$ cat query.pdb   # PDB, C-alpha atoms
ATOM      1  CA  MET C1173      -7.932  44.935 102.694
ATOM      2  CA  LYS C1174      -4.602  46.525 103.616
ATOM      3  CA  TRP C1175      -2.818  43.552 102.100
ATOM      4  CA  PHE C1176      -4.859  43.980  98.891
ATOM      5  CA  ILE C1177      -4.114  47.715  98.665
ATOM      6  CA  ASN C1178      -0.403  47.147  99.235
ATOM      7  CA  THR C1179      -0.367  44.364  96.658
ATOM      8  CA  MET C1180      -2.127  46.486  94.040
ATOM      9  CA  ALA C1181       0.159  49.438  94.754
ATOM     10  CA  GLY C1182       3.163  47.205  94.301
ATOM     11  CA  PHE C1183       1.727  45.831  91.087
ATOM     12  CA  ALA C1184       1.114  49.360  89.744
ATOM     13  CA  MET C1185       4.665  50.404  90.589
ATOM     14  CA  ALA C1186       6.092  47.321  88.906
ATOM     15  CA  THR C1187       3.944  47.883  85.832
ATOM     16  CA  ALA C1188       5.047  51.518  85.618
ATOM     17  CA  ALA C1189       8.664  50.478  85.947
ATOM     18  CA  LEU C1190       8.287  47.893  83.189
ATOM     19  CA  THR C1191       6.519  50.409  80.966
ATOM     20  CA  THR C1192       9.247  52.992  81.502
ATOM     21  CA  GLN C1193      11.894  50.397  80.808
ATOM     22  CA  ALA C1194      10.121  49.301  77.618
ATOM     23  CA  GLN C1195       9.706  52.886  76.472
ATOM     24  CA  GLY C1196      13.320  53.652  77.236
ATOM     25  CA  ALA C1197      14.417  50.730  75.085
ATOM     26  CA  PHE C1198      12.931  52.168  71.873
ATOM     27  CA  PRO C1199      13.655  50.919  69.313
ATOM     28  CA  ASP C1200      14.222  47.258  70.003
ATOM     29  CA  LYS C1201      12.856  45.803  66.747
ATOM     30  CA  PRO C1202      12.590  46.750  63.050
ATOM     31  CA  ILE C1203      10.766  49.930  61.989
ATOM     32  CA  ARG C1204       8.485  50.198  58.941
ATOM     33  CA  LEU C1205       8.675  53.383  56.894
ATOM     34  CA  VAL C1206       5.565  53.469  54.713
ATOM     35  CA  VAL C1207       5.956  55.403  51.438
ATOM     36  CA  PRO C1208       2.766  56.487  49.596
ATOM     37  CA  TYR C1209       4.288  56.214  46.118
ATOM     38  CA  PRO C1210       6.014  53.534  44.033
ATOM     39  CA  PRO C1211       9.787  53.058  43.769
ATOM     40  CA  GLY C1212      11.590  55.500  41.520
ATOM     41  CA  SER C1213       9.984  58.708  42.741
ATOM     42  CA  GLY C1214      11.917  61.400  44.574
ATOM     43  CA  THR C1215       9.791  60.664  47.628
ATOM     44  CA  ASP C1216      10.884  57.031  47.537
ATOM     45  CA  THR C1217      14.525  57.948  46.894
ATOM     46  CA  VAL C1218      14.756  60.240  49.918
ATOM     47  CA  ALA C1219      12.851  57.725  52.039
ATOM     48  CA  ARG C1220      15.396  55.010  51.266
ATOM     49  CA  TYR C1221      18.286  57.330  52.080
ATOM     50  CA  THR C1222      16.557  58.227  55.360
ATOM     51  CA  ALA C1223      15.949  54.563  56.188
ATOM     52  CA  ARG C1224      19.614  53.736  55.704
ATOM     53  CA  ARG C1225      20.711  56.591  57.930
ATOM     54  CA  LEU C1226      18.125  55.742  60.590
ATOM     55  CA  GLU C1227      19.357  52.148  60.668
ATOM     56  CA  GLY C1228      22.853  53.342  61.446
ATOM     57  CA  ALA C1229      21.704  55.758  64.129
ATOM     58  CA  LEU C1230      19.087  53.567  65.833
ATOM     59  CA  LYS C1231      20.860  50.200  65.390
ATOM     60  CA  GLN C1232      17.686  48.568  64.092
ATOM     61  CA  PRO C1233      16.528  47.650  60.576
ATOM     62  CA  VAL C1234      14.303  50.243  58.901
ATOM     63  CA  VAL C1235      12.219  48.688  56.133
ATOM     64  CA  VAL C1236      10.777  50.866  53.368
ATOM     65  CA  GLU C1237       7.315  49.687  52.366
ATOM     66  CA  ASN C1238       5.747  51.185  49.239
ATOM     67  CA  LYS C1239       1.960  51.485  49.468
ATOM     68  CA  ALA C1240       1.051  53.320  46.286
ATOM     69  CA  GLY C1241      -2.417  54.239  45.104
ATOM     70  CA  GLY C1242      -5.462  56.291  45.959
ATOM     71  CA  ASN C1243      -3.546  59.587  46.053
ATOM     72  CA  ALA C1244      -1.630  58.277  49.099
ATOM     73  CA  ILE C1245      -4.796  57.313  50.990
ATOM     74  CA  ILE C1246      -3.820  53.621  51.053
ATOM     75  CA  ALA C1247      -0.509  54.419  52.731
ATOM     76  CA  VAL C1248      -2.116  56.668  55.339
ATOM     77  CA  GLN C1249      -4.726  54.051  56.214
ATOM     78  CA  THR C1250      -1.943  51.476  56.608
ATOM     79  CA  VAL C1251      -0.164  53.707  59.114
ATOM     80  CA  ILE C1252      -3.147  54.895  61.141
ATOM     81  CA  GLY C1253      -4.374  51.301  61.361
ATOM     82  CA  SER C1254      -1.053  50.175  62.867
ATOM     83  CA  PRO C1255      -0.112  50.139  66.573
ATOM     84  CA  ALA C1256       0.862  53.582  67.871
ATOM     85  CA  ASP C1257       4.268  52.461  69.106
ATOM     86  CA  GLY C1258       6.690  54.185  66.743
ATOM     87  CA  TYR C1259       7.420  51.055  64.706
ATOM     88  CA  THR C1260       5.194  52.053  61.769
ATOM     89  CA  LEU C1261       5.789  55.527  60.361
ATOM     90  CA  LEU C1262       4.529  57.503  57.374
ATOM     91  CA  TRP C1263       7.098  59.043  55.058
ATOM     92  CA  ALA C1264       4.906  61.915  53.949
ATOM     93  CA  ALA C1265       5.098  64.315  51.056
ATOM     94  CA  ASN C1266       2.611  67.172  50.666
ATOM     95  CA  GLY C1267      -0.168  64.980  49.271
ATOM     96  CA  PRO C1268      -1.366  62.840  52.166
ATOM     97  CA  VAL C1269      -1.021  65.417  54.944
ATOM     98  CA  THR C1270      -1.984  68.731  53.305
ATOM     99  CA  THR C1271      -3.070  68.604  49.658
ATOM    100  CA  ASN C1272      -5.621  65.830  50.048
ATOM    101  CA  VAL C1273      -7.501  67.942  52.603
ATOM    102  CA  ALA C1274      -7.822  70.733  50.054
ATOM    103  CA  LEU C1275      -8.648  68.532  47.067
ATOM    104  CA  TYR C1276     -11.074  65.953  48.482
ATOM    105  CA  ASN C1277     -14.657  66.665  49.467
ATOM    106  CA  LYS C1278     -14.401  63.871  52.014
ATOM    107  CA  LEU C1279     -11.326  62.015  53.241
ATOM    108  CA  PRO C1280     -11.430  58.737  55.206
ATOM    109  CA  TYR C1281      -8.936  60.258  57.664
ATOM    110  CA  ASP C1282      -8.008  63.585  59.245
ATOM    111  CA  PRO C1283      -4.254  64.215  59.038
ATOM    112  CA  LEU C1284      -4.444  66.724  61.896
ATOM    113  CA  VAL C1285      -6.081  64.163  64.167
ATOM    114  CA  ASP C1286      -5.046  60.701  63.009
ATOM    115  CA  LEU C1287      -1.354  61.476  62.485
ATOM    116  CA  MET C1288       1.240  62.968  64.834
ATOM    117  CA  PRO C1289       4.094  65.055  63.364
ATOM    118  CA  VAL C1290       7.628  63.855  64.038
ATOM    119  CA  ALA C1291       9.988  65.989  61.919
ATOM    120  CA  ARG C1292      10.263  67.850  58.625
ATOM    121  CA  VAL C1293      13.512  67.213  56.768
ATOM    122  CA  ALA C1294      13.807  68.295  53.109
ATOM    123  CA  TYR C1295      12.183  69.734  49.996
ATOM    124  CA  SER C1296      12.654  69.716  46.233
ATOM    125  CA  PRO C1297      11.518  72.177  43.576
ATOM    126  CA  MET C1298       9.402  70.779  40.776
ATOM    127  CA  GLY C1299       9.836  71.070  37.041
ATOM    128  CA  LEU C1300       7.624  71.331  33.960
ATOM    129  CA  PHE C1301       8.551  68.465  31.615
ATOM    130  CA  VAL C1302       7.579  67.448  28.065
ATOM    131  CA  PRO C1303       8.680  64.547  25.822
ATOM    132  CA  VAL C1304      12.029  65.200  24.159
ATOM    133  CA  ASN C1305      10.341  65.261  20.712
ATOM    134  CA  SER C1306       7.596  67.651  21.847
ATOM    135  CA  PRO C1307       6.959  70.632  19.555
ATOM    136  CA  PHE C1308       7.044  72.872  22.638
ATOM    137  CA  LYS C1309      10.520  74.258  23.271
ATOM    138  CA  THR C1310       9.526  76.646  26.066
ATOM    139  CA  ALA C1311       7.024  76.738  28.896
ATOM    140  CA  THR C1312       5.408  79.791  27.320
ATOM    141  CA  GLU C1313       4.766  77.927  24.055
ATOM    142  CA  LEU C1314       3.196  75.019  25.917
ATOM    143  CA  LEU C1315       0.981  77.143  28.135
ATOM    144  CA  ASN C1316      -0.093  79.378  25.263
ATOM    145  CA  ASP C1317      -1.261  76.241  23.443
ATOM    146  CA  THR C1318      -3.382  75.194  26.445
ATOM    147  CA  LYS C1319      -5.044  78.601  26.114
ATOM    148  CA  SER C1320      -5.573  78.617  22.346
ATOM    149  CA  ARG C1321      -6.691  74.957  22.270
ATOM    150  CA  PRO C1322      -8.397  74.318  25.633
ATOM    151  CA  SER C1323      -8.311  70.697  26.849
ATOM    152  CA  LYS C1324      -6.578  69.421  23.696
ATOM    153  CA  LEU C1325      -3.369  68.611  25.575
ATOM    154  CA  ASN C1326      -3.219  66.188  28.482
ATOM    155  CA  TYR C1327      -1.007  66.145  31.549
ATOM    156  CA  ALA C1328       0.204  63.406  33.876
ATOM    157  CA  SER C1329      -0.260  63.852  37.613
ATOM    158  CA  GLY C1330       1.377  61.483  40.086
ATOM    159  CA  SER C1331      -0.279  62.935  43.186
ATOM    160  CA  ALA C1332      -2.821  65.442  44.432
ATOM    161  CA  THR C1333       0.003  67.946  44.940
ATOM    162  CA  TYR C1334       1.031  67.788  41.283
ATOM    163  CA  ASN C1335      -2.620  68.064  40.299
ATOM    164  CA  ILE C1336      -3.083  71.301  42.260
ATOM    165  CA  ALA C1337       0.224  72.692  41.001
ATOM    166  CA  THR C1338      -0.707  72.052  37.362
ATOM    167  CA  GLU C1339      -4.237  73.375  37.648
ATOM    168  CA  TRP C1340      -2.952  76.460  39.449
ATOM    169  CA  LEU C1341      -0.442  77.143  36.668
ATOM    170  CA  LEU C1342      -3.074  76.541  33.972
ATOM    171  CA  SER C1343      -5.401  78.980  35.715
ATOM    172  CA  ILE C1344      -2.703  81.669  35.797
ATOM    173  CA  ALA C1345      -2.003  81.025  32.095
ATOM    174  CA  GLY C1346      -5.705  81.030  31.215
ATOM    175  CA  GLY C1347      -5.450  77.545  29.741
ATOM    176  CA  LYS C1348      -6.994  74.113  30.190
ATOM    177  CA  ALA C1349      -5.647  70.577  29.843
ATOM    178  CA  THR C1350      -6.968  67.110  30.535
ATOM    179  CA  LEU C1351      -5.828  65.330  33.702
ATOM    180  CA  ILE C1352      -4.499  61.765  33.546
ATOM    181  CA  SER C1353      -3.879  60.412  37.056
ATOM    182  CA  TYR C1354      -1.064  58.054  38.057
ATOM    183  CA  LYS C1355      -0.061  56.274  41.260
ATOM    184  CA  GLY C1356       3.150  58.264  41.557
ATOM    185  CA  ALA C1357       5.711  60.501  39.900
ATOM    186  CA  ALA C1358       7.744  57.688  38.330
ATOM    187  CA  PRO C1359       4.982  56.167  36.161
ATOM    188  CA  ALA C1360       3.674  59.650  35.318
ATOM    189  CA  VAL C1361       6.966  60.918  33.943
ATOM    190  CA  ALA C1362       7.626  57.562  32.244
ATOM    191  CA  ASP C1363       4.502  58.021  30.126
ATOM    192  CA  VAL C1364       5.574  61.561  29.290
ATOM    193  CA  ALA C1365       8.929  60.160  28.153
ATOM    194  CA  GLY C1366       7.077  57.592  26.048
ATOM    195  CA  GLY C1367       4.968  60.275  24.380
ATOM    196  CA  GLN C1368       1.640  59.011  25.727
ATOM    197  CA  VAL C1369       1.144  62.247  27.686
ATOM    198  CA  ASP C1370       1.928  65.823  26.622
ATOM    199  CA  PHE C1371       3.449  67.209  29.822
ATOM    200  CA  THR C1372       3.773  66.897  33.563
ATOM    201  CA  ILE C1373       4.791  68.855  36.634
ATOM    202  CA  VAL C1374       6.829  66.671  38.942
ATOM    203  CA  GLU C1375       9.641  67.055  41.455
ATOM    204  CA  LEU C1376      13.025  67.265  39.795
ATOM    205  CA  SER C1377      14.718  64.084  40.979
ATOM    206  CA  ALA C1378      11.975  61.897  39.494
ATOM    207  CA  ALA C1379      12.571  63.227  35.996
ATOM    208  CA  LEU C1380      16.165  64.445  35.732
ATOM    209  CA  PRO C1381      17.518  60.936  34.945
ATOM    210  CA  LEU C1382      15.183  60.906  31.931
ATOM    211  CA  VAL C1383      16.441  64.351  30.937
ATOM    212  CA  GLN C1384      19.998  63.020  31.058
ATOM    213  CA  ALA C1385      18.908  59.994  29.025
ATOM    214  CA  GLY C1386      17.478  62.269  26.332
ATOM    215  CA  LYS C1387      13.855  61.196  26.851
ATOM    216  CA  VAL C1388      12.208  64.274  28.363
ATOM    217  CA  ARG C1389      12.873  68.011  28.219
ATOM    218  CA  LEU C1390      12.806  70.354  31.214
ATOM    219  CA  LEU C1391      11.124  73.653  30.324
ATOM    220  CA  ALA C1392      11.040  75.470  33.665
ATOM    221  CA  VAL C1393      11.324  75.034  37.424
ATOM    222  CA  THR C1394       8.791  75.965  40.093
ATOM    223  CA  SER C1395      11.206  77.501  42.597
ATOM    224  CA  GLU C1396      11.548  81.237  43.266
ATOM    225  CA  LYS C1397      15.147  81.252  41.997
ATOM    226  CA  ARG C1398      17.009  79.226  39.384
ATOM    227  CA  MET C1399      18.636  76.046  40.646
ATOM    228  CA  SER C1400      22.430  76.198  40.978
ATOM    229  CA  LEU C1401      22.777  72.869  39.160
ATOM    230  CA  LEU C1402      20.353  73.988  36.416
ATOM    231  CA  PRO C1403      21.462  77.554  35.720
ATOM    232  CA  ASP C1404      20.035  77.636  32.174
ATOM    233  CA  THR C1405      16.514  76.609  33.200
ATOM    234  CA  PRO C1406      14.193  79.559  33.947
ATOM    235  CA  THR C1407      11.677  79.720  36.762
ATOM    236  CA  LEU C1408       8.005  80.015  35.910
ATOM    237  CA  GLN C1409       7.907  83.256  37.876
ATOM    238  CA  GLU C1410      10.521  84.909  35.678
ATOM    239  CA  LEU C1411       8.557  83.800  32.602
ATOM    240  CA  GLY C1412       5.658  85.898  33.821
ATOM    241  CA  TYR C1413       3.537  83.408  35.776
ATOM    242  CA  LYS C1414       3.395  85.648  38.801
ATOM    243  CA  ASP C1415       3.608  84.217  42.316
ATOM    244  CA  PHE C1416       3.694  80.625  41.072
ATOM    245  CA  PHE C1417       5.748  78.656  43.563
ATOM    246  CA  GLN C1418       5.384  75.021  44.530
ATOM    247  CA  VAL C1419       7.760  72.486  46.059
ATOM    248  CA  ALA C1420       7.586  68.870  47.158
ATOM    249  CA  TRP C1421       8.536  68.547  50.817
ATOM    250  CA  TRP C1422       9.033  65.533  53.064
ATOM    251  CA  GLY C1423       8.584  64.685  56.693
ATOM    252  CA  VAL C1424       7.744  61.842  59.041
ATOM    253  CA  PHE C1425       4.450  61.244  60.821
ATOM    254  CA  ALA C1426       3.350  58.619  63.356
ATOM    255  CA  PRO C1427      -0.093  57.272  64.283
ATOM    256  CA  LYS C1428      -1.989  59.305  66.865
ATOM    257  CA  SER C1429      -1.310  58.321  70.485
ATOM    258  CA  THR C1430       2.288  57.371  69.700
ATOM    259  CA  PRO C1431       4.117  58.098  73.001
ATOM    260  CA  ARG C1432       5.852  61.445  73.145
ATOM    261  CA  ASN C1433       9.156  59.938  74.307
ATOM    262  CA  VAL C1434       9.184  57.641  71.255
ATOM    263  CA  ARG C1435       8.473  60.562  68.915
ATOM    264  CA  ASP C1436      11.215  62.546  70.659
ATOM    265  CA  VAL C1437      13.777  59.833  69.863
ATOM    266  CA  LEU C1438      12.737  59.810  66.210
ATOM    267  CA  GLU C1439      12.590  63.612  65.950
ATOM    268  CA  LYS C1440      16.042  64.109  67.461
ATOM    269  CA  THR C1441      17.557  61.396  65.277
ATOM    270  CA  LEU C1442      16.029  62.682  62.024
ATOM    271  CA  LEU C1443      17.061  66.292  62.636
ATOM    272  CA  SER C1444      20.566  65.196  63.550
ATOM    273  CA  ILE C1445      20.869  63.074  60.395
ATOM    274  CA  TYR C1446      19.764  65.885  58.094
ATOM    275  CA  ASP C1447      22.058  68.421  59.698
ATOM    276  CA  ASP C1448      25.312  66.578  59.031
ATOM    277  CA  ALA C1449      27.813  66.843  56.184
ATOM    278  CA  GLU C1450      26.828  63.549  54.534
ATOM    279  CA  SER C1451      23.203  64.605  54.168
ATOM    280  CA  LYS C1452      24.114  68.062  52.914
ATOM    281  CA  GLU C1453      26.222  66.479  50.178
ATOM    282  CA  TYR C1454      23.427  64.020  49.334
ATOM    283  CA  LEU C1455      20.826  66.799  49.125
ATOM    284  CA  ASP C1456      23.001  69.004  46.913
ATOM    285  CA  ARG C1457      23.810  66.145  44.566
ATOM    286  CA  ASN C1458      20.127  65.327  44.062
ATOM    287  CA  ASN C1459      18.713  68.861  43.757
ATOM    288  CA  PHE C1460      17.120  68.634  47.198
ATOM    289  CA  ASN C1461      17.274  71.180  50.001
ATOM    290  CA  ALA C1462      17.330  70.803  53.779
ATOM    291  CA  PHE C1463      14.039  71.911  55.356
ATOM    292  CA  LEU C1464      14.524  71.125  59.023
ATOM    293  CA  GLY C1465      11.728  71.475  61.517
ATOM    294  CA  ASN C1466      10.784  69.727  64.743
ATOM    295  CA  ALA C1467       7.340  68.304  65.441
ATOM    296  CA  ASP C1468       5.863  71.642  66.480
ATOM    297  CA  VAL C1469       7.271  73.412  63.415
ATOM    298  CA  LEU C1470       5.966  70.633  61.165
ATOM    299  CA  ARG C1471       2.465  70.867  62.651
ATOM    300  CA  LYS C1472       2.271  74.640  62.213
ATOM    301  CA  PHE C1473       3.616  74.346  58.672
ATOM    302  CA  GLN C1474       1.115  71.580  57.894
ATOM    303  CA  GLU C1475      -1.768  73.728  59.103
ATOM    304  CA  SER C1476      -0.619  76.734  57.069
ATOM    305  CA  GLU C1477      -0.194  74.588  53.928
ATOM    306  CA  ILE C1478      -3.713  73.171  54.287
ATOM    307  CA  LYS C1479      -5.066  76.729  54.406
ATOM    308  CA  ARG C1480      -2.916  77.843  51.445
ATOM    309  CA  GLU C1481      -3.816  74.903  49.226
ATOM    310  CA  SER C1482      -7.507  75.108  50.146
ATOM    311  CA  ARG C1483      -7.423  78.772  49.109
ATOM    312  CA  LEU C1484      -5.812  77.829  45.781
ATOM    313  CA  VAL C1485      -8.480  75.203  45.096
ATOM    314  CA  THR C1486     -11.204  77.777  45.737
ATOM    315  CA  GLU C1487      -9.541  80.747  44.022
ATOM    316  CA  PHE C1488      -8.645  78.892  40.828
ATOM    317  CA  LYS C1489     -11.820  76.786  40.818
ATOM    318  CA  ILE C1490      -9.899  73.502  40.831
ATOM    319  CA  GLU C1491     -12.330  70.609  40.676
ATOM    320  CA  LYS C1492     -12.508  68.594  43.892
ATOM    321  CA  MET C1493     -12.572  64.818  44.072
TER     322      MET C1493
END

$ encode --input "query.pdb" --output "structure tokens"
Amino acid sequence: MKWFINTMAGFAMATAALTTQAQGAFPDKPIRLVVPYPPGSGTDTVARYTARRLEGALKQPVVVENKAGGNAIIAVQTVIGSPADGYTLLWAANGPVTTNVALYNKLPYDPLVDLMPVARVAYSPMGLFVPVNSPFKTATELLNDTKSRPSKLNYASGSATYNIATEWLLSIAGGKATLISYKGAAPAVADVAGGQVDFTIVELSAALPLVQAGKVRLLAVTSEKRMSLLPDTPTLQELGYKDFFQVAWWGVFAPKSTPRNVRDVLEKTLLSIYDDAESKEYLDRNNFNAFLGNADVLRKFQESEIKRESRLVTEFKIEKM
């Protein structure tokens, strides 16, 4: 019996040592960064920049995998169904981790249970866009039309976040428009540019190339202050749509039960990347802003955003899915 106890104790110690060694070696193989939207969106753009910087810092390939559809539910299910080892991560915008909770009567996952926060890194204001040949030259003209002719105009929404933002603004304006859903910002704004849809609210980086190409017109931004790179574009608040403020923000989440030491490596690396001069230049150039927060900050922010967006859905009687 003594021999058995000693043998098992030795085995346990060896196993613990091997486990510690394995954990300490993270990462030792490629990492998947799952993006809930198709290529071309601001979410995808920042994800690819992040992947490149992570590769340099962690000395392992970081592969961006686009899993668009289902208001980001497909991407979340991909991540939570993967091993909780830090090698499959969710590049999350508002939609999958906050807005979906407010907008869906029943979700097939709980973002506060099934996902672990890693770090929050950046945000981007949104803009109100119309086709370049639209008769509406200002946001006020457009929103007044949604009031005088309820549901005659339609709007493109690339995510649940954009849906809530648009319905919130329409409620403040006293108007109504018809929702047309898309798998992401890029196809939504493309159909606005093509004239198939009357308007959209989408984060700036997804649509500004089309503004520069003369295909869509930016009427207003959703930030509290005018953007330094867009000084002639008013905010919706200054146009009289009181308290309207909405941004797209990004962070990284891991499957539940992902070891804390693995999440610590990722958290430290992400915050370091987004606090250096290269990232600051990248963010400025693309109308993004740093929004740094560790795992604890991200979790508290996530919880507060779920409460805020749930209140908006109730207060403005936004139809749930």

$ closest_residue --input "query.pdb" --among "C:Asn1466, C:Thr1222, C:Thr1372, C:Ser1444" --to "Ala1358 in chain C" --atoms "all atoms listed in the file"
C:Thr1372

$ resolve_selection --input "query.pdb" --expression "the PyMOL selection byres ((chain C and resi 1431-1437) around 7)" --output "MDAnalysis selection string"
chainID C and resid 1198 1257:1258 1290 1429:1430 1438:1441

$ residues_around --input "query.pdb" --residues "Val1218 in chain C" --least-positions-apart "5" --cutoff "10 Å" --atoms "all atoms listed in the file" --output "MDAnalysis selection string"
chainID C and resid 1213 1223:1224 1263 1293:1295 1377 1422 1454:1455 1458 1460

$ resolve_selection --input "query.pdb" --expression "the PyMOL selection byres ((chain C and resi 1269-1284) around 7)" --output "list in words"
Ala1264, Asn1266, Gly1267, Pro1268, Val1285, Asp1286, Leu1287, Ala1332, Thr1333, Gln1474, Glu1477, Ile1478, Glu1481, Ser1482, Val1485, Lys1492 and Met1493 of chain C

$ closest_residue --input "query.pdb" --among "C:Lys1472, C:Arg1292, C:Val1248, C:Leu1464" --to "Lys1452 in chain C" --atoms "all atoms listed in the file"
C:Leu1464

$ closest_residue --input "query.pdb" --among "C:Leu1261, C:Ile1246, C:Ile1336, C:Ala1229" --to "Arg1483 in chain C" --atoms "only C-alpha atoms"
C:Ile1336

$ atom_distance --input "query.pdb" --atom1 "CA of Lys1201 in chain C" --atom2 "CA of Gln1232 in chain C"
6.2 Å

$ build_atoms --input "query.pdb" --residues "range 1405-1412 of chain C" --atoms "all heavy atoms" --output "PDB file, in the coordinates of the input"
ATOM      1  N   THR C1405      17.963  76.874  33.177  1.00  0.00           N
ATOM      2  CA  THR C1405      16.514  76.609  33.200  1.00  0.00           C
ATOM      3  C   THR C1405      15.801  77.726  33.944  1.00  0.00           C
ATOM      4  O   THR C1405      16.066  77.973  35.124  1.00  0.00           O
ATOM      5  CB  THR C1405      16.217  75.268  33.888  1.00  0.00           C
ATOM      6  OG1 THR C1405      16.934  74.225  33.216  1.00  0.00           O
ATOM      7  CG2 THR C1405      14.729  74.967  33.838  1.00  0.00           C
ATOM      8  N   PRO C1406      14.877  78.436  33.292  1.00  0.00           N
ATOM      9  CA  PRO C1406      14.193  79.559  33.947  1.00  0.00           C
ATOM     10  C   PRO C1406      13.158  79.088  34.962  1.00  0.00           C
ATOM     11  O   PRO C1406      12.685  77.944  34.921  1.00  0.00           O
ATOM     12  CB  PRO C1406      13.507  80.266  32.776  1.00  0.00           C
ATOM     13  CG  PRO C1406      13.245  79.177  31.787  1.00  0.00           C
ATOM     14  CD  PRO C1406      14.418  78.239  31.899  1.00  0.00           C
ATOM     15  N   THR C1407      12.800  79.979  35.857  1.00  0.00           N
ATOM     16  CA  THR C1407      11.677  79.720  36.762  1.00  0.00           C
ATOM     17  C   THR C1407      10.394  80.165  36.062  1.00  0.00           C
ATOM     18  O   THR C1407      10.420  81.027  35.164  1.00  0.00           O
ATOM     19  CB  THR C1407      11.818  80.494  38.073  1.00  0.00           C
ATOM     20  OG1 THR C1407      11.640  81.895  37.817  1.00  0.00           O
ATOM     21  CG2 THR C1407      13.186  80.262  38.707  1.00  0.00           C
ATOM     22  N   LEU C1408       9.286  79.605  36.477  1.00  0.00           N
ATOM     23  CA  LEU C1408       8.005  80.015  35.910  1.00  0.00           C
ATOM     24  C   LEU C1408       7.686  81.454  36.296  1.00  0.00           C
ATOM     25  O   LEU C1408       7.043  82.180  35.527  1.00  0.00           O
ATOM     26  CB  LEU C1408       6.907  79.054  36.375  1.00  0.00           C
ATOM     27  CG  LEU C1408       6.940  77.700  35.658  1.00  0.00           C
ATOM     28  CD1 LEU C1408       6.178  76.647  36.435  1.00  0.00           C
ATOM     29  CD2 LEU C1408       6.391  77.820  34.236  1.00  0.00           C
ATOM     30  N   GLN C1409       8.147  81.868  37.465  1.00  0.00           N
ATOM     31  CA  GLN C1409       7.907  83.256  37.876  1.00  0.00           C
ATOM     32  C   GLN C1409       8.575  84.239  36.926  1.00  0.00           C
ATOM     33  O   GLN C1409       7.968  85.224  36.506  1.00  0.00           O
ATOM     34  CB  GLN C1409       8.413  83.475  39.306  1.00  0.00           C
ATOM     35  CG  GLN C1409       7.524  82.879  40.378  1.00  0.00           C
ATOM     36  CD  GLN C1409       7.897  83.336  41.772  1.00  0.00           C
ATOM     37  OE1 GLN C1409       8.637  84.286  41.948  1.00  0.00           O
ATOM     38  NE2 GLN C1409       7.389  82.639  42.775  1.00  0.00           N
ATOM     39  N   GLU C1410       9.820  83.969  36.554  1.00  0.00           N
ATOM     40  CA  GLU C1410      10.521  84.909  35.678  1.00  0.00           C
ATOM     41  C   GLU C1410       9.952  84.905  34.259  1.00  0.00           C
ATOM     42  O   GLU C1410      10.162  85.843  33.493  1.00  0.00           O
ATOM     43  CB  GLU C1410      12.024  84.638  35.668  1.00  0.00           C
ATOM     44  CG  GLU C1410      12.460  83.381  34.959  1.00  0.00           C
ATOM     45  CD  GLU C1410      13.974  83.183  35.026  1.00  0.00           C
ATOM     46  OE1 GLU C1410      14.458  82.573  36.001  1.00  0.00           O
ATOM     47  OE2 GLU C1410      14.658  83.638  34.100  1.00  0.00           O
ATOM     48  N   LEU C1411       9.209  83.847  33.910  1.00  0.00           N
ATOM     49  CA  LEU C1411       8.557  83.800  32.602  1.00  0.00           C
ATOM     50  C   LEU C1411       7.224  84.538  32.600  1.00  0.00           C
ATOM     51  O   LEU C1411       6.545  84.604  31.576  1.00  0.00           O
ATOM     52  CB  LEU C1411       8.346  82.347  32.175  1.00  0.00           C
ATOM     53  CG  LEU C1411       9.617  81.546  31.882  1.00  0.00           C
ATOM     54  CD1 LEU C1411       9.267  80.098  31.564  1.00  0.00           C
ATOM     55  CD2 LEU C1411      10.404  82.161  30.734  1.00  0.00           C
ATOM     56  N   GLY C1412       6.858  85.079  33.761  1.00  0.00           N
ATOM     57  CA  GLY C1412       5.658  85.898  33.821  1.00  0.00           C
ATOM     58  C   GLY C1412       4.480  85.280  34.550  1.00  0.00           C
ATOM     59  O   GLY C1412       3.423  85.911  34.663  1.00  0.00           O
TER      60      GLY C1412
END
